[in-house]
Each structure stands twice: as C-alpha cells, then as structure tokens.
$ cat protein.tsv   # TSV, C-alpha atoms
chain	number	residue	atom	x	y	z
A	334	MET	CA	-12.22	9.28	28.48
A	335	LYS	CA	-10.06	7.89	25.73
A	336	SER	CA	-11.23	5.50	23.07
A	337	SER	CA	-9.37	2.29	22.24
A	338	TRP	CA	-9.04	-0.34	19.53
A	339	GLY	CA	-11.33	-3.23	20.28
A	340	ASN	CA	-14.71	-3.47	21.97
A	341	ALA	CA	-13.80	-3.60	25.65
A	342	ASN	CA	-15.23	-0.93	27.98
A	343	GLU	CA	-13.20	2.24	28.21
A	344	ARG	CA	-11.16	2.93	31.31
A	345	SER	CA	-10.31	6.33	32.72
A	346	ALA	CA	-6.93	7.94	32.12
A	347	GLU	CA	-6.27	7.83	35.87
A	348	ASP	CA	-6.78	4.06	35.95
A	349	ALA	CA	-4.46	3.64	32.99
A	350	ARG	CA	-1.68	5.65	34.67
A	351	ALA	CA	-2.06	3.72	37.88
A	352	ARG	CA	-1.87	0.45	36.01
A	353	LYS	CA	1.19	1.31	33.89
A	354	PRO	CA	3.90	3.75	34.93
A	355	GLY	CA	5.89	5.37	32.16
A	356	PRO	CA	4.65	6.65	28.79
A	357	LYS	CA	0.97	6.31	28.19
A	358	PRO	CA	0.00	4.53	24.97
A	359	PHE	CA	-2.09	6.44	22.49
A	360	ALA	CA	-5.50	5.09	21.55
A	361	LYS	CA	-6.98	5.54	18.10
A	362	GLY	CA	-9.85	7.97	17.95
A	363	SER	CA	-9.07	9.71	21.24
A	364	GLY	CA	-8.56	13.05	19.50
A	365	GLN	CA	-5.34	13.63	21.47
A	366	ALA	CA	-1.77	13.66	20.29
A	367	PRO	CA	0.49	10.99	21.80
A	368	ARG	CA	2.19	12.14	24.99
A	369	ARG	CA	5.94	12.50	24.91
A	370	THR	CA	8.10	9.61	26.07
A	371	PRO	CA	9.99	10.04	29.36
A	372	ALA	CA	13.17	12.06	29.50
A	373	ALA	CA	16.44	10.20	29.09
A	374	GLY	CA	16.99	9.98	32.85
A	375	ASP	CA	13.54	8.59	33.55
A	376	GLN	CA	13.83	4.85	33.92
A	377	ALA	CA	10.13	4.24	34.38
A	378	ALA	CA	8.79	1.46	32.16
A	379	PRO	CA	5.47	-0.33	31.75
A	380	GLN	CA	5.08	-3.31	34.06
A	381	ARG	CA	5.31	-6.61	32.24
A	382	THR	CA	2.97	-9.07	33.85
A	383	ALA	CA	1.99	-12.58	32.86
A	384	ARG	CA	-1.02	-12.74	30.59
A	385	VAL	CA	-3.50	-15.54	30.50
A	386	GLU	CA	-3.15	-17.25	27.11
A	387	VAL	CA	-6.12	-16.68	24.85
A	388	ASP	CA	-7.46	-19.52	22.77
A	389	GLY	CA	-10.67	-20.49	21.05
A	390	ASP	CA	-12.36	-20.19	17.70
A	391	ASN	CA	-12.46	-16.39	17.79
A	392	ALA	CA	-8.84	-15.91	18.88
A	393	LEU	CA	-6.35	-14.62	16.32
A	394	ARG	CA	-2.76	-13.48	16.28
A	395	LEU	CA	-2.24	-10.04	17.75
A	396	SER	CA	-0.27	-8.90	14.69
A	397	LYS	CA	-3.11	-9.96	12.39
A	398	ARG	CA	-5.67	-8.14	14.54
A	399	MET	CA	-3.55	-4.98	14.49
A	400	SER	CA	-3.39	-5.17	10.70
A	401	GLU	CA	-7.16	-5.68	10.48
A	402	LEU	CA	-7.68	-2.57	12.60
A	403	GLY	CA	-5.51	-0.57	10.22
A	404	LEU	CA	-2.82	0.17	12.82
A	405	CYS	CA	0.10	-1.15	10.77
A	406	SER	CA	1.26	-4.09	8.68
A	407	ARG	CA	1.76	-7.50	10.27
A	408	ARG	CA	5.54	-7.17	9.89
A	409	GLU	CA	5.43	-3.78	11.58
A	410	ALA	CA	3.17	-5.16	14.33
A	411	ASP	CA	5.70	-7.90	15.10
A	412	GLU	CA	8.44	-5.25	15.40
A	413	TRP	CA	6.33	-3.20	17.79
A	414	ILE	CA	5.48	-6.27	19.87
A	415	GLU	CA	9.16	-7.22	20.19
A	416	LYS	CA	9.97	-3.67	21.34
A	417	GLY	CA	7.25	-3.72	24.00
A	418	TRP	CA	5.20	-1.02	22.27
A	419	VAL	CA	1.88	-2.91	22.26
A	420	TYR	CA	-0.62	-3.19	25.12
A	421	VAL	CA	-3.59	-5.53	25.36
A	422	ASP	CA	-6.14	-4.67	28.03
A	423	GLY	CA	-3.50	-2.48	29.66
A	424	GLU	CA	-0.72	-5.08	29.77
A	425	VAL	CA	2.45	-4.99	27.68
A	426	VAL	CA	2.63	-7.87	25.19
A	427	ASP	CA	6.13	-8.56	23.89
A	428	THR	CA	5.76	-12.18	22.77
A	429	LEU	CA	5.43	-12.92	19.07
A	430	GLY	CA	2.50	-15.15	18.25
A	431	ALA	CA	0.37	-13.92	21.15
A	432	LYS	CA	-3.35	-14.20	20.47
A	433	VAL	CA	-6.27	-11.91	21.26
A	434	THR	CA	-10.01	-11.84	20.81
A	435	PRO	CA	-11.85	-9.08	18.91
A	436	GLN	CA	-13.28	-7.84	22.23
A	437	GLN	CA	-9.89	-7.05	23.76
A	438	ARG	CA	-8.52	-3.51	23.79
A	439	ILE	CA	-5.30	-2.81	21.91
A	440	GLU	CA	-3.15	0.28	22.48
A	441	VAL	CA	0.25	1.31	21.18
A	442	ASP	CA	3.05	3.35	22.66
A	443	PRO	CA	3.67	6.87	21.31
A	444	ALA	CA	7.11	5.69	20.18
A	445	ALA	CA	5.42	3.37	17.67
A	446	LEU	CA	3.35	6.18	16.21
A	447	ALA	CA	6.42	8.41	16.01
A	448	ALA	CA	8.32	5.72	14.11
A	449	GLN	CA	5.36	5.25	11.78
A	450	ALA	CA	5.12	8.99	11.10
A	451	ARG	CA	8.69	8.97	9.79
A	452	GLN	CA	7.85	6.44	7.07
A	453	VAL	CA	7.64	7.71	3.51
A	454	THR	CA	5.88	6.77	0.30
A	455	ILE	CA	7.57	7.51	-3.02
A	456	LEU	CA	5.95	7.97	-6.43
A	457	LEU	CA	8.24	6.99	-9.29
A	458	HIS	CA	7.71	7.33	-13.05
A	459	LYS	CA	9.15	3.95	-14.03
A	460	PRO	CA	10.78	3.69	-17.46
A	461	VAL	CA	10.89	0.56	-19.61
A	462	GLY	CA	13.75	-1.77	-18.69
A	463	TYR	CA	13.39	-1.75	-14.91
A	464	VAL	CA	11.69	-4.39	-12.77
A	465	SER	CA	9.38	-3.36	-9.96
A	466	GLY	CA	10.85	-5.59	-7.26
A	467	GLN	CA	14.11	-7.47	-6.86
A	468	ALA	CA	16.69	-7.54	-9.66
A	469	GLU	CA	16.11	-10.34	-12.14
A	470	ASP	CA	17.64	-11.51	-15.42
A	471	GLY	CA	20.19	-8.72	-15.27
A	472	TYR	CA	17.57	-5.95	-14.99
A	473	GLU	CA	17.84	-3.41	-12.18
A	474	PRO	CA	15.07	-2.74	-9.65
A	475	ALA	CA	13.16	0.50	-10.18
A	476	ALA	CA	14.12	1.50	-6.62
A	477	THR	CA	17.69	2.14	-7.84
A	478	LEU	CA	16.28	5.26	-9.53
A	479	VAL	CA	15.42	6.75	-6.14
A	480	THR	CA	18.48	8.94	-5.72
A	481	ALA	CA	19.01	12.56	-4.80
A	482	GLY	CA	19.88	13.31	-8.42
A	483	ASN	CA	16.57	11.91	-9.72
A	484	HIS	CA	14.41	13.74	-7.16
A	485	TRP	CA	11.93	15.83	-9.17
A	486	ASP	CA	12.33	19.55	-8.59
A	487	GLY	CA	8.54	19.87	-8.78
A	488	ASP	CA	8.14	17.93	-5.52
A	489	HIS	CA	6.24	20.22	-3.12
A	490	SER	CA	5.97	17.75	-0.22
A	491	GLY	CA	8.57	19.58	1.87
A	492	ILE	CA	10.30	16.28	2.71
A	493	ARG	CA	14.08	16.26	2.47
A	494	PHE	CA	15.71	13.21	0.95
A	495	SER	CA	17.46	10.87	3.37
A	496	ALA	CA	19.18	7.54	2.88
A	497	GLN	CA	16.91	6.24	5.66
A	498	HIS	CA	14.02	6.55	3.22
A	499	LEU	CA	15.51	3.72	1.14
A	500	ARG	CA	15.31	1.20	3.99
A	501	THR	CA	12.45	-1.34	3.76
A	502	LEU	CA	11.15	0.48	0.68
A	503	ALA	CA	8.94	-1.94	-1.25
A	504	PRO	CA	6.67	-1.71	-4.33
A	505	ALA	CA	2.93	-1.51	-3.65
A	506	GLY	CA	1.71	-2.84	-6.96
A	507	ARG	CA	3.85	-3.88	-9.89
A	508	LEU	CA	4.59	-2.78	-13.43
A	509	ASP	CA	6.23	-5.31	-15.73
A	510	ILE	CA	9.56	-4.58	-17.35
A	511	ASP	CA	7.99	-3.42	-20.62
A	512	SER	CA	5.56	-1.00	-18.93
A	513	THR	CA	5.98	2.58	-17.79
A	514	GLY	CA	4.20	4.97	-15.47
A	515	LEU	CA	3.29	5.39	-11.85
A	516	LEU	CA	5.01	2.98	-9.47
A	517	VAL	CA	4.45	3.35	-5.73
A	518	LEU	CA	7.28	2.44	-3.36
A	519	THR	CA	6.51	2.64	0.34
A	520	GLN	CA	7.84	1.96	3.82
A	521	ASP	CA	4.29	2.08	5.19
A	522	GLY	CA	2.48	-1.25	5.46
A	523	ARG	CA	-0.85	0.55	5.67
A	524	VAL	CA	-0.31	2.04	2.22
A	525	ALA	CA	0.69	-1.35	0.80
A	526	LYS	CA	-2.41	-2.98	2.25
A	527	GLN	CA	-4.62	-0.20	0.89
A	528	LEU	CA	-3.22	-0.60	-2.62
A	529	ILE	CA	-2.60	-4.35	-2.98
A	530	GLY	CA	-4.29	-6.03	0.01
A	531	GLU	CA	-6.90	-8.69	-0.60
A	532	SER	CA	-9.71	-6.29	0.27
A	533	SER	CA	-8.28	-3.36	-1.72
A	534	ASP	CA	-10.81	-1.50	-3.87
A	535	ILE	CA	-8.42	1.17	-5.17
A	536	ASP	CA	-8.78	1.54	-8.92
A	537	LYS	CA	-5.79	1.91	-11.25
A	538	GLU	CA	-5.88	3.64	-14.62
A	539	TYR	CA	-3.78	2.70	-17.65
A	540	LEU	CA	-3.28	3.99	-21.18
A	541	VAL	CA	-2.67	1.06	-23.53
A	542	ARG	CA	-1.51	1.36	-27.14
A	543	VAL	CA	-2.61	-1.65	-29.24
A	544	THR	CA	-2.57	-3.16	-32.71
A	545	TYR	CA	-5.15	-5.55	-34.18
A	546	GLY	CA	-3.66	-8.07	-36.55
A	547	ASP	CA	-1.91	-6.03	-39.25
A	548	ILE	CA	-3.87	-2.91	-38.31
A	549	GLU	CA	-1.76	-0.29	-36.56
A	550	MET	CA	-3.73	2.90	-37.26
A	551	GLU	CA	-7.39	3.67	-36.47
A	552	VAL	CA	-7.67	0.35	-34.66
A	553	ASP	CA	-10.92	1.50	-33.08
A	554	GLN	CA	-12.58	1.53	-36.51
A	555	HIS	CA	-11.79	-2.16	-37.09
A	556	PHE	CA	-12.04	-3.72	-33.64
A	557	PRO	CA	-15.46	-5.41	-33.12
A	558	PRO	CA	-17.66	-3.78	-30.44
A	559	GLU	CA	-18.56	-7.21	-29.04
A	560	LEU	CA	-14.89	-7.85	-28.26
A	561	LEU	CA	-14.62	-4.48	-26.55
A	562	ALA	CA	-17.59	-5.56	-24.41
A	563	ARG	CA	-15.72	-8.75	-23.47
A	564	LEU	CA	-12.76	-6.69	-22.31
A	565	ARG	CA	-15.12	-4.88	-19.97
A	566	HIS	CA	-16.62	-8.06	-18.56
A	567	GLY	CA	-16.63	-11.72	-19.44
A	568	LEU	CA	-12.96	-12.75	-19.57
A	569	SER	CA	-11.17	-15.19	-17.28
A	570	LEU	CA	-7.50	-15.66	-16.47
A	571	ASP	CA	-6.22	-18.95	-15.04
A	572	ASP	CA	-9.85	-20.16	-14.97
A	573	VAL	CA	-10.83	-17.32	-12.64
A	574	PRO	CA	-13.38	-14.75	-13.90
A	575	LEU	CA	-12.08	-11.19	-13.89
A	576	LYS	CA	-13.85	-8.35	-12.15
A	577	PRO	CA	-15.66	-5.87	-14.40
A	578	ALA	CA	-13.33	-3.27	-15.88
A	579	MET	CA	-13.83	0.13	-17.50
A	580	VAL	CA	-12.41	-0.01	-21.01
A	581	SER	CA	-12.86	2.68	-23.67
A	582	TRP	CA	-11.03	4.13	-26.66
A	583	GLN	CA	-8.83	7.08	-25.76
A	584	ASN	CA	-7.99	7.60	-29.42
A	585	GLY	CA	-7.79	5.43	-32.52
A	586	GLU	CA	-4.83	3.37	-31.30
A	587	GLN	CA	-5.05	3.68	-27.52
A	588	LEU	CA	-7.38	2.13	-24.95
A	589	ARG	CA	-8.05	3.42	-21.45
A	590	PHE	CA	-8.33	0.67	-18.80
A	591	VAL	CA	-9.52	1.18	-15.22
A	592	LEU	CA	-9.07	-1.94	-13.08
A	593	ARG	CA	-9.78	-2.84	-9.47
A	594	GLU	CA	-7.51	-5.88	-9.45
A	595	GLY	CA	-3.96	-6.56	-10.52
A	596	LYS	CA	-3.15	-10.02	-11.78
A	597	LYS	CA	0.25	-10.62	-13.35
A	598	ARG	CA	0.40	-9.04	-16.84
A	599	GLN	CA	-3.38	-8.76	-16.66
A	600	ILE	CA	-3.98	-6.15	-19.35
A	601	ARG	CA	-1.61	-7.77	-21.84
A	602	ARG	CA	-3.26	-11.15	-21.32
A	603	MET	CA	-6.76	-9.67	-21.57
A	604	CYS	CA	-5.87	-8.05	-24.86
A	605	GLU	CA	-4.38	-11.28	-26.22
A	606	LEU	CA	-7.68	-13.07	-25.52
A	607	VAL	CA	-9.51	-10.72	-27.89
A	608	GLY	CA	-6.85	-10.56	-30.59
A	609	LEU	CA	-5.15	-7.30	-29.59
A	610	LYS	CA	-1.40	-6.87	-29.16
A	611	VAL	CA	-0.15	-4.38	-26.58
A	612	VAL	CA	2.69	-2.24	-27.91
A	613	GLY	CA	2.74	0.28	-25.07
A	614	LEU	CA	1.35	0.38	-21.54
A	615	LYS	CA	1.48	3.26	-19.07
A	616	ARG	CA	-0.10	3.54	-15.61
A	617	VAL	CA	-1.32	7.10	-15.05
A	618	ARG	CA	-3.31	6.91	-11.82
A	619	MET	CA	-3.71	4.90	-8.61
A	620	GLY	CA	-6.81	5.90	-6.69
A	621	ARG	CA	-6.73	9.68	-6.31
A	622	VAL	CA	-3.01	10.01	-7.00
A	623	LEU	CA	-2.02	10.96	-10.55
A	624	LEU	CA	1.25	10.48	-12.39
A	625	GLY	CA	0.75	14.01	-13.65
A	626	ALA	CA	3.80	15.89	-14.91
A	627	LEU	CA	6.34	13.68	-13.11
A	628	PRO	CA	9.09	13.07	-15.71
A	629	GLN	CA	10.10	9.54	-16.64
A	630	GLY	CA	12.91	8.22	-14.45
A	631	GLN	CA	12.24	10.77	-11.69
A	632	TRP	CA	10.38	10.51	-8.40
A	633	ARG	CA	8.68	12.53	-5.70
A	634	TYR	CA	7.28	12.00	-2.21
A	635	LEU	CA	3.62	11.43	-1.47
A	636	SER	CA	2.76	14.61	0.44
A	637	ALA	CA	0.80	14.84	3.68
A	638	ASP	CA	-2.29	16.21	1.91
A	639	GLU	CA	-2.46	13.37	-0.63
A	640	ALA	CA	-4.22	10.03	-0.21
A	641	PHE	CA	-5.00	7.13	-2.47
$ encode --input "protein.tsv" --output "structure tokens"
Amino acid sequence: MKSSWGNANERSAEDARARKPGPKPFAKGSGQAPRRTPAAGDQAAPQRTARVEVDGDNALRLSKRMSELGLCSRREADEWIEKGWVYVDGEVVDTLGAKVTPQQRIEVDPAALAAQARQVTILLHKPVGYVSGQAEDGYEPAATLVTAGNHWDGDHSGIRFSAQHLRTLAPAGRLDIDSTGLLVLTQDGRVAKQLIGESSDIDKEYLVRVTYGDIEMEVDQHFPPELLARLRHGLSLDDVPLKPAMVSWQNGEQLRFVLREGKKRQIRRMCELVGLKVVGLKRVRMGRVLLGALPQGQWRYLSADEAF
C-alpha cells in the first residue's frame, strides 16, 4: 500500500492503475522511487474527468495546500497543475484556483518530482556594493556574480554549472548593499519557504563591527551591560516587539548576533536604538550551512548532503 498526502484512506496500487492509465503519481512517504514516465511512443495519459467543486470554510486553494504539505512553492504548484501533474483523490486537476479540503488525497506525477530534483541552490559570498534582488539605483544584483568564472574551485557538490541554473534563481533572505557574507539564491521554493517563510525558525548568524560614539577600540569596555541586554530582548521596530536574539561580544569591537527573524536592516536599526553604529556586517551562517572558506565574490552549490 502506498501512502499519500492528505488524510483520505489509502487505496491499493491496483485500484490506482485501473483508475488512471499512464504514469502513476508518486506519493510522499511511500518509500518507493517514482516510476518512469511512458516511452515516447506511449500515448497513454491520465483520464481527465469533471470534479465536483469543493467549497466551505475548510476548503483552500490546491496550490496553498501543496505548499503547506511541503511539496513545493505555490508558484511551482500552479505550474504543476497547469501541466496536469497533480491528482486529487485520483483525478487529474489542471485548473488553477481549484480548491480542496485537508482530508483529500494529493499526489503528483513523477515528472514533477524529476523537474524538482533538477533545481539548484547556490551559496554566494556577497561583497559590498551588490544588491540581493533586482538591480536598483545603478547597483547590480548579486546574482550577476554567479558565472562559471566565479565558481569556487573548492565546491565538492559534483554539480556542473549550467545556464539553466540561472533561471528563476531568487534570493532566500536578503543582505543590504553595505553588508557582506552568505547569500542564498535558489530555484527551489521549498528552500525559500524554509529560510524566509512566515513559519521559518532557521537562525542566522552575523558578525557585526560597531563603534560607540567616538569610541572605536575596546568598545566592549565602554558599552553599558544594560544596553547589551536590550539588544538581546526588549527592542521594537515599527512598533512591533522583536523576538529574543543572542547577542555577545566576539571581540572588543565586534558583536555576534544570532536572529530568528529578518526585518529590513534589522541589526543596523537595533544598534542605532542603543547608540551603536554599525561599520561592518557579515552573515556567516544560515541554519546548519556555514559561509566557511568561500571567498568573497565566489559561489558554490548546496550539496546533496547539506541542509539548512
């Protein structure tokens, strides 16, 4: 018996084949690899039948439900739906905006999983002077650094660079133009959701060089402990209290921040509230992935044995 997404009763593999000719969708948690799609000459295709429209207080968009289940991003779900790669209770759904209930079973075609497996995530050591997203005010996007020439020779992922890896590549978390360090660019909506989704609990670590008034050296000896405590907990930005943070002195002029949220220019604004000026900011870790020895301006692939 194969398991499925959703809470409906499982059906046997024989029933599934009888219900839908053509490639069998792969269900999460079944412990089996997706079966191959039909040969080029095989014209068999899943039967598209009319579905009864679902409505009610517990109904939600199919793409949203797929994202909640961790299958893919909503954008990716819409692409799969349009291609006929999504099944609900055994029926192909190819209409955008279709709704489902949490009890309904969702399956996806092996072709969707194959497309997803080809997606890449790139780790870039962003220098000062590049913006994380789209070009603005004459500054180039950090993604322009992702070239064959800038590919770090210490990359042990085994992935060969392809121009296809630049398509739909988007930042998962931002670094402002004056900051350096680890910037994640990904094609995978699941990675983006894990790092910057509303329910994300991935922590990010930063090294922050500061001054305090006219004091540039041994700042830790002059900065009041009660203000350090406020950096850890007690500040608000835009009238919204910040989550507790880990903040400690790395050396006399540098603080170590570990955050579980990422408001715009958060660390710089936090420091301003307690009288500190940030003169250097570098992100060195996101979850379990370290910047490590990756040189500034170069990049590498996230390897198969790494996870945030």
$ atom_distance --input "protein.tsv" --atom1 "atom CA of A:His489" --atom2 "atom CA of A:Lys459"
19.8 Å
$ residues_near_point --input "protein.tsv" --point "(5.3, -12.5, 19.3)" --cutoff "10 Å" --atoms "only C-alpha atoms" --output "PyMOL selection string"
chain A and resi 394-396+410-415+426-432
$ closest_residue --input "protein.tsv" --among "A:Leu635, A:Ala640, A:Arg407, A:Lys526" --to "A:Gly491" --atoms "all atoms listed in the file"
A:Leu635
$ closest_residue --input "protein.tsv" --among "A:Ala447, A:Leu570, A:Val524, A:Ile535" --to "A:Leu592" --atoms "all atoms listed in the file"
A:Ile535
$ atom_distance --input "protein.tsv" --atom1 "atom CA of A:Thr477" --atom2 "atom CA of A:Ser465"
10.2 Å
$ closest_residue --input "protein.tsv" --among "A:Gly506, A:Gly625, A:Gly403, A:Pro558" --to "A:Arg598" --atoms "all atoms listed in the file"
A:Gly506
$ build_atoms --input "protein.tsv" --residues "stretch 590-601 of chain A" --atoms "all heavy atoms" --output "compact mmCIF listing (two decimals), in the frame of the given file"
# COMPACT_ATOMS: atom_id res chain seq x y z
N PHE A 590 -7.88 1.72 -19.71
CA PHE A 590 -8.33 0.67 -18.80
C PHE A 590 -8.39 1.23 -17.38
O PHE A 590 -7.45 1.92 -16.94
CB PHE A 590 -7.35 -0.50 -18.78
CG PHE A 590 -7.51 -1.50 -19.90
CD1 PHE A 590 -7.09 -1.18 -21.18
CD2 PHE A 590 -8.03 -2.76 -19.66
CE1 PHE A 590 -7.20 -2.09 -22.22
CE2 PHE A 590 -8.15 -3.69 -20.69
CZ PHE A 590 -7.73 -3.36 -21.97
N VAL A 591 -9.46 0.91 -16.66
CA VAL A 591 -9.52 1.18 -15.22
C VAL A 591 -9.86 -0.14 -14.55
O VAL A 591 -10.93 -0.72 -14.77
CB VAL A 591 -10.58 2.25 -14.88
CG1 VAL A 591 -10.61 2.47 -13.36
CG2 VAL A 591 -10.27 3.57 -15.59
N LEU A 592 -8.93 -0.64 -13.73
CA LEU A 592 -9.07 -1.94 -13.08
C LEU A 592 -9.12 -1.79 -11.56
O LEU A 592 -8.55 -0.86 -11.01
CB LEU A 592 -7.89 -2.84 -13.43
CG LEU A 592 -7.56 -3.07 -14.91
CD1 LEU A 592 -6.37 -4.01 -15.03
CD2 LEU A 592 -8.76 -3.63 -15.66
N ARG A 593 -9.77 -2.76 -10.93
CA ARG A 593 -9.78 -2.84 -9.47
C ARG A 593 -9.12 -4.13 -8.98
O ARG A 593 -9.39 -4.59 -7.88
CB ARG A 593 -11.21 -2.73 -8.93
CG ARG A 593 -11.80 -1.33 -9.09
CD ARG A 593 -13.14 -1.19 -8.41
NE ARG A 593 -13.69 0.14 -8.56
CZ ARG A 593 -13.44 1.16 -7.74
NH1 ARG A 593 -12.65 0.97 -6.70
NH2 ARG A 593 -13.98 2.35 -7.96
N GLU A 594 -8.31 -4.71 -9.82
CA GLU A 594 -7.51 -5.88 -9.45
C GLU A 594 -6.22 -5.82 -10.23
O GLU A 594 -6.08 -5.01 -11.16
CB GLU A 594 -8.27 -7.18 -9.73
CG GLU A 594 -8.66 -7.38 -11.18
CD GLU A 594 -9.54 -8.59 -11.39
OE1 GLU A 594 -9.49 -9.52 -10.58
OE2 GLU A 594 -10.29 -8.60 -12.39
N GLY A 595 -5.27 -6.65 -9.87
CA GLY A 595 -3.96 -6.56 -10.52
C GLY A 595 -3.27 -7.89 -10.66
O GLY A 595 -2.27 -8.15 -10.02
N LYS A 596 -3.81 -8.75 -11.52
CA LYS A 596 -3.15 -10.02 -11.78
C LYS A 596 -1.93 -9.80 -12.66
O LYS A 596 -1.82 -8.80 -13.37
CB LYS A 596 -4.14 -10.99 -12.46
CG LYS A 596 -5.35 -11.33 -11.60
CD LYS A 596 -6.24 -12.33 -12.30
CE LYS A 596 -7.48 -12.64 -11.45
NZ LYS A 596 -7.11 -13.29 -10.18
N LYS A 597 -1.00 -10.76 -12.62
CA LYS A 597 0.25 -10.62 -13.35
C LYS A 597 -0.01 -10.44 -14.85
O LYS A 597 -0.71 -11.24 -15.47
CB LYS A 597 1.13 -11.85 -13.12
CG LYS A 597 2.53 -11.72 -13.69
CD LYS A 597 3.39 -12.89 -13.30
CE LYS A 597 4.81 -12.72 -13.84
NZ LYS A 597 5.69 -13.86 -13.43
N ARG A 598 0.53 -9.36 -15.42
CA ARG A 598 0.40 -9.04 -16.84
C ARG A 598 -1.07 -9.09 -17.29
O ARG A 598 -1.39 -9.51 -18.40
CB ARG A 598 1.26 -9.98 -17.68
CG ARG A 598 2.75 -9.85 -17.39
CD ARG A 598 3.58 -10.81 -18.21
NE ARG A 598 3.62 -10.44 -19.63
CZ ARG A 598 4.48 -9.58 -20.16
NH1 ARG A 598 5.39 -8.96 -19.39
NH2 ARG A 598 4.46 -9.32 -21.45
N GLN A 599 -1.95 -8.61 -16.41
CA GLN A 599 -3.38 -8.76 -16.66
C GLN A 599 -3.84 -8.11 -17.96
O GLN A 599 -4.54 -8.73 -18.77
CB GLN A 599 -4.19 -8.20 -15.48
CG GLN A 599 -5.70 -8.28 -15.70
CD GLN A 599 -6.49 -7.89 -14.48
OE1 GLN A 599 -6.00 -7.97 -13.36
NE2 GLN A 599 -7.74 -7.49 -14.67
N ILE A 600 -3.48 -6.85 -18.17
CA ILE A 600 -3.98 -6.15 -19.35
C ILE A 600 -3.44 -6.77 -20.63
O ILE A 600 -4.18 -6.96 -21.61
CB ILE A 600 -3.62 -4.65 -19.27
CG1 ILE A 600 -4.43 -3.99 -18.14
CG2 ILE A 600 -3.88 -3.96 -20.60
CD1 ILE A 600 -4.10 -2.53 -17.92
N ARG A 601 -2.18 -7.13 -20.65
CA ARG A 601 -1.61 -7.77 -21.84
C ARG A 601 -2.32 -9.08 -22.15
O ARG A 601 -2.62 -9.39 -23.31
CB ARG A 601 -0.10 -7.99 -21.64
CG ARG A 601 0.68 -6.69 -21.52
CD ARG A 601 2.16 -6.95 -21.29
NE ARG A 601 2.87 -5.72 -21.01
CZ ARG A 601 3.35 -4.89 -21.93
NH1 ARG A 601 3.21 -5.19 -23.21
NH2 ARG A 601 3.99 -3.78 -21.58
